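All remarks here apply to the structure that follows.
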Amino acid sequence: MKVNILTLFPEFFSSPLNVSILNRAINEKIIHVDIHDLREWGIGKHRQVDDTSYGGGPGMVLMAEPLIRSIDEISKMQSEQAHVILMTPQGEQLNYETAKNIAKQKNIIIVCGKYEGIDERVVEKSIDQQISLADVVFSGGEIPALALIDSVSRLIPGVLGDAESLNEESFCDNLLEYPHYTKPASVHDMHVPEVLLSGNHKMINDWRHKQQILRTALKRKDLIEKKELTTEEKKWLVESNDET
């Protein structure tokens with residue numbers, strides 16, 4: 001996948017892209033990231049990219065012309081058509097399904113919003129998808145953009161060392177992940193569940209799946225409502241309610 005980031009603060013991405021899974025994926029050329037400084041398309045000798053809002057109000061708005069020109073020129077540099085994403089509080093909230101769909105794209109341009117937002121004409125002309133990280137307002141689109149890149153890249157084949165881990169991650173199949181334990185078996189009088197020490201893989205898999213169902217029902221009822229539960233899974237929920 002080719003990722004182009006359009007931002008006022010290109011230096012923000014230097015450190016995060018040089019560590020861990022993202023860095024390995026870049027070094028192995030599974031994903032390619034280019035960071036573009038919006039001010040390269042700024043107007044006049046001062047490279048202006050923002051101005052006051054028509055109708056008044058506090059704060060500045062990113063201007064249409066620099067954004068439209070930058071998106072057009074970056075798009076023309078690509079070998080395949082780019083899918084243009086704007087990080088904005090007004091977008092659809094990022095979730096597992098959205099990340100999976102974006103991971104299918106060969107080429108994306110991520111536009112990082114700033115200040116009070118961007119000129120609406122940019123949205124009308126150049127943006128294919130608007131995404132929000134959460135129901136909060138960030139100081140800019142850089143943090144949400146980084147989260148988007150991380151969540152999408154791990155869904156691209158070859159990025160994770162063990163592809164099987166994708167099948168057990170939280171939100172896969174609308175379920176949260178089961179609890180994990182490691183050595184030692186006893187810590188501060190808290191013990192690892194005996195089933196995990198049994199060596200019986202079927203019992204372990206059944207226990208883990210049950211924990212996924214119970215944990216999702218407890219913490220994310222919105223997710224469990226999306227899932228068609230089997231008779232056994234419904235029984236687990238009933239038994240859990242009876243115990244409480």
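Letters A, B, ... mark the chains of the structure tokens in the order given; residue numbers begin at 1 per chain; ligand numbers begin at 1, in order shown.
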From a DSSP calculation on the backbone, collect every residue of range 117-220 of chain A in alpha helix (DSSP H) and output the set as a ChimeraX atom specification.
-> /A:120-126,142-153,201-219
Polymer residues at most 8 Å from range 66-69 of chain A, only C-alpha atoms, same-chain spacing of 5 or more positions, as a PDB file with C-alpha atoms, in the first residue's frame:
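selection_0.pdb, written as the output of this step:
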ATOM      1  CA  LEU A  38       0.980  21.501   2.963  1.00  0.00           C
ATOM      2  CA  ARG A  39       2.963  24.757   3.042  1.00  0.00           C
ATOM      3  CA  TRP A  41       1.475  24.608  -1.857  1.00  0.00           C
ATOM      4  CA  GLY A  42       0.957  27.772   0.205  1.00  0.00           C
ATOM      5  CA  ILE A  43       0.068  31.074  -1.451  1.00  0.00           C
ATOM      6  CA  VAL A  49      -2.508  28.129   3.892  1.00  0.00           C
ATOM      7  CA  VAL A 122     -12.269  20.949  -0.632  1.00  0.00           C
ATOM      8  CA  LYS A 125     -14.257  18.493  -4.814  1.00  0.00           C
ATOM      9  CA  SER A 126     -11.439  16.327  -3.502  1.00  0.00           C
TER      10      SER A 126
END
Which residues come within 12 Å of Leu8 in chain A, counting only C-alpha atoms, excluding same-chain residues fewer than 2 positions away, as a ChimeraX atom specification?
-> /A:5-6,10-13,35-42,47-50,62,66-67,111-115,139-142
Grab the residues selected above and save them as an mmCIF file, in the first residue's frame with C-alpha atoms.
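See selection_16.cif below for the written result:
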data_model
loop_
_atom_site.group_PDB
_atom_site.id
_atom_site.type_symbol
_atom_site.label_atom_id
_atom_site.label_comp_id
_atom_site.auth_asym_id
_atom_site.auth_seq_id
_atom_site.Cartn_x
_atom_site.Cartn_y
_atom_site.Cartn_z
ATOM 1 C CA ILE A 5 0.112 12.138 4.377
ATOM 2 C CA LEU A 6 -0.706 15.803 3.807
ATOM 3 C CA PRO A 10 5.500 16.618 8.768
ATOM 4 C CA GLU A 11 7.990 16.253 11.633
ATOM 5 C CA PHE A 12 5.189 14.825 13.807
ATOM 6 C CA PHE A 13 5.421 11.491 11.977
ATOM 7 C CA ILE A 35 4.827 12.836 4.051
ATOM 8 C CA HIS A 36 3.935 16.104 2.313
ATOM 9 C CA ASP A 37 4.140 19.574 3.867
ATOM 10 C CA LEU A 38 0.980 21.501 2.963
ATOM 11 C CA ARG A 39 2.963 24.757 3.042
ATOM 12 C CA GLU A 40 4.751 23.680 -0.154
ATOM 13 C CA TRP A 41 1.475 24.608 -1.857
ATOM 14 C CA GLY A 42 0.957 27.772 0.205
ATOM 15 C CA ARG A 47 3.212 30.256 1.943
ATOM 16 C CA GLN A 48 -0.196 31.119 3.371
ATOM 17 C CA VAL A 49 -2.508 28.129 3.892
ATOM 18 C CA ASP A 50 -5.177 29.528 6.226
ATOM 19 C CA LEU A 62 -7.462 25.971 5.934
ATOM 20 C CA PRO A 66 -3.586 25.037 -1.379
ATOM 21 C CA LEU A 67 -5.453 21.888 -0.371
ATOM 22 C CA VAL A 111 -5.445 14.904 4.764
ATOM 23 C CA CYS A 112 -4.808 16.159 8.298
ATOM 24 C CA GLY A 113 -7.228 18.915 9.246
ATOM 25 C CA LYS A 114 -6.191 21.812 11.473
ATOM 26 C CA TYR A 115 -7.528 24.920 13.227
ATOM 27 C CA SER A 139 -5.648 19.801 17.997
ATOM 28 C CA GLY A 140 -5.124 18.492 14.480
ATOM 29 C CA GLY A 141 -5.564 15.468 12.253
ATOM 30 C CA GLU A 142 -2.059 14.113 12.835
#
Length of the CA of Met77 in chain A to CA of Asn4 in chain A vector [Å] |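 These atoms are spaced 10.5 Å apart.
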Between A:Val3, A:Leu175, A:Ile156, A:Leu17, which one has atoms that come closest to Gln211 in chain A, using only C-alpha atoms?
->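 Result for the nearest residue to Gln211 in chain A: A:Leu175.
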Name the residues in contact with range 20-34 of chain A at a cut-off of 10 Å, using only C-alpha atoms, excluding same-chain residues fewer than 4 positions from it; report them as a VMD selection string.
-> chain A and resid 1 to 6 10 15 to 16 74 106 to 109 149 to 150 153 to 154 156 to 161
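Residue nearest Leu155 in chain A, chosen from A:Thr98, A:Asn174, A:Glu120, A:Pro184 and counting only C-alpha atoms: A:Thr98.
CA of Ile213 in chain A is found 9.1 Å from CA of Lys234 in chain A.
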DSSP on the backbone, then: every residue of range 2-239 of chain A marked strand (DSSP E or B), written as a ChimeraX atom specification.
-> /A:2-7,32-37,43,48,50-52,60-62,83-93,107-112,114,118,129-132,140,186-187,190-191
Extract, using only C-alpha atoms, all DNA, RNA and protein residues at most 9 Å from Glu92 in chain A, discarding same-chain residues fewer than 3 positions from it, and format them as a ChimeraX atom specification.
-> /A:88-89,95,98,129-133
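Proximity of A:Val123, A:Ala82, A:Val152, A:Leu229 to Ala217 in chain A, computed with only C-alpha atoms, is greatest for A:Leu229.
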Pairwise distance, CA of Tyr181 in chain A with CA of Lys235 in chain A, equals 25.6 Å
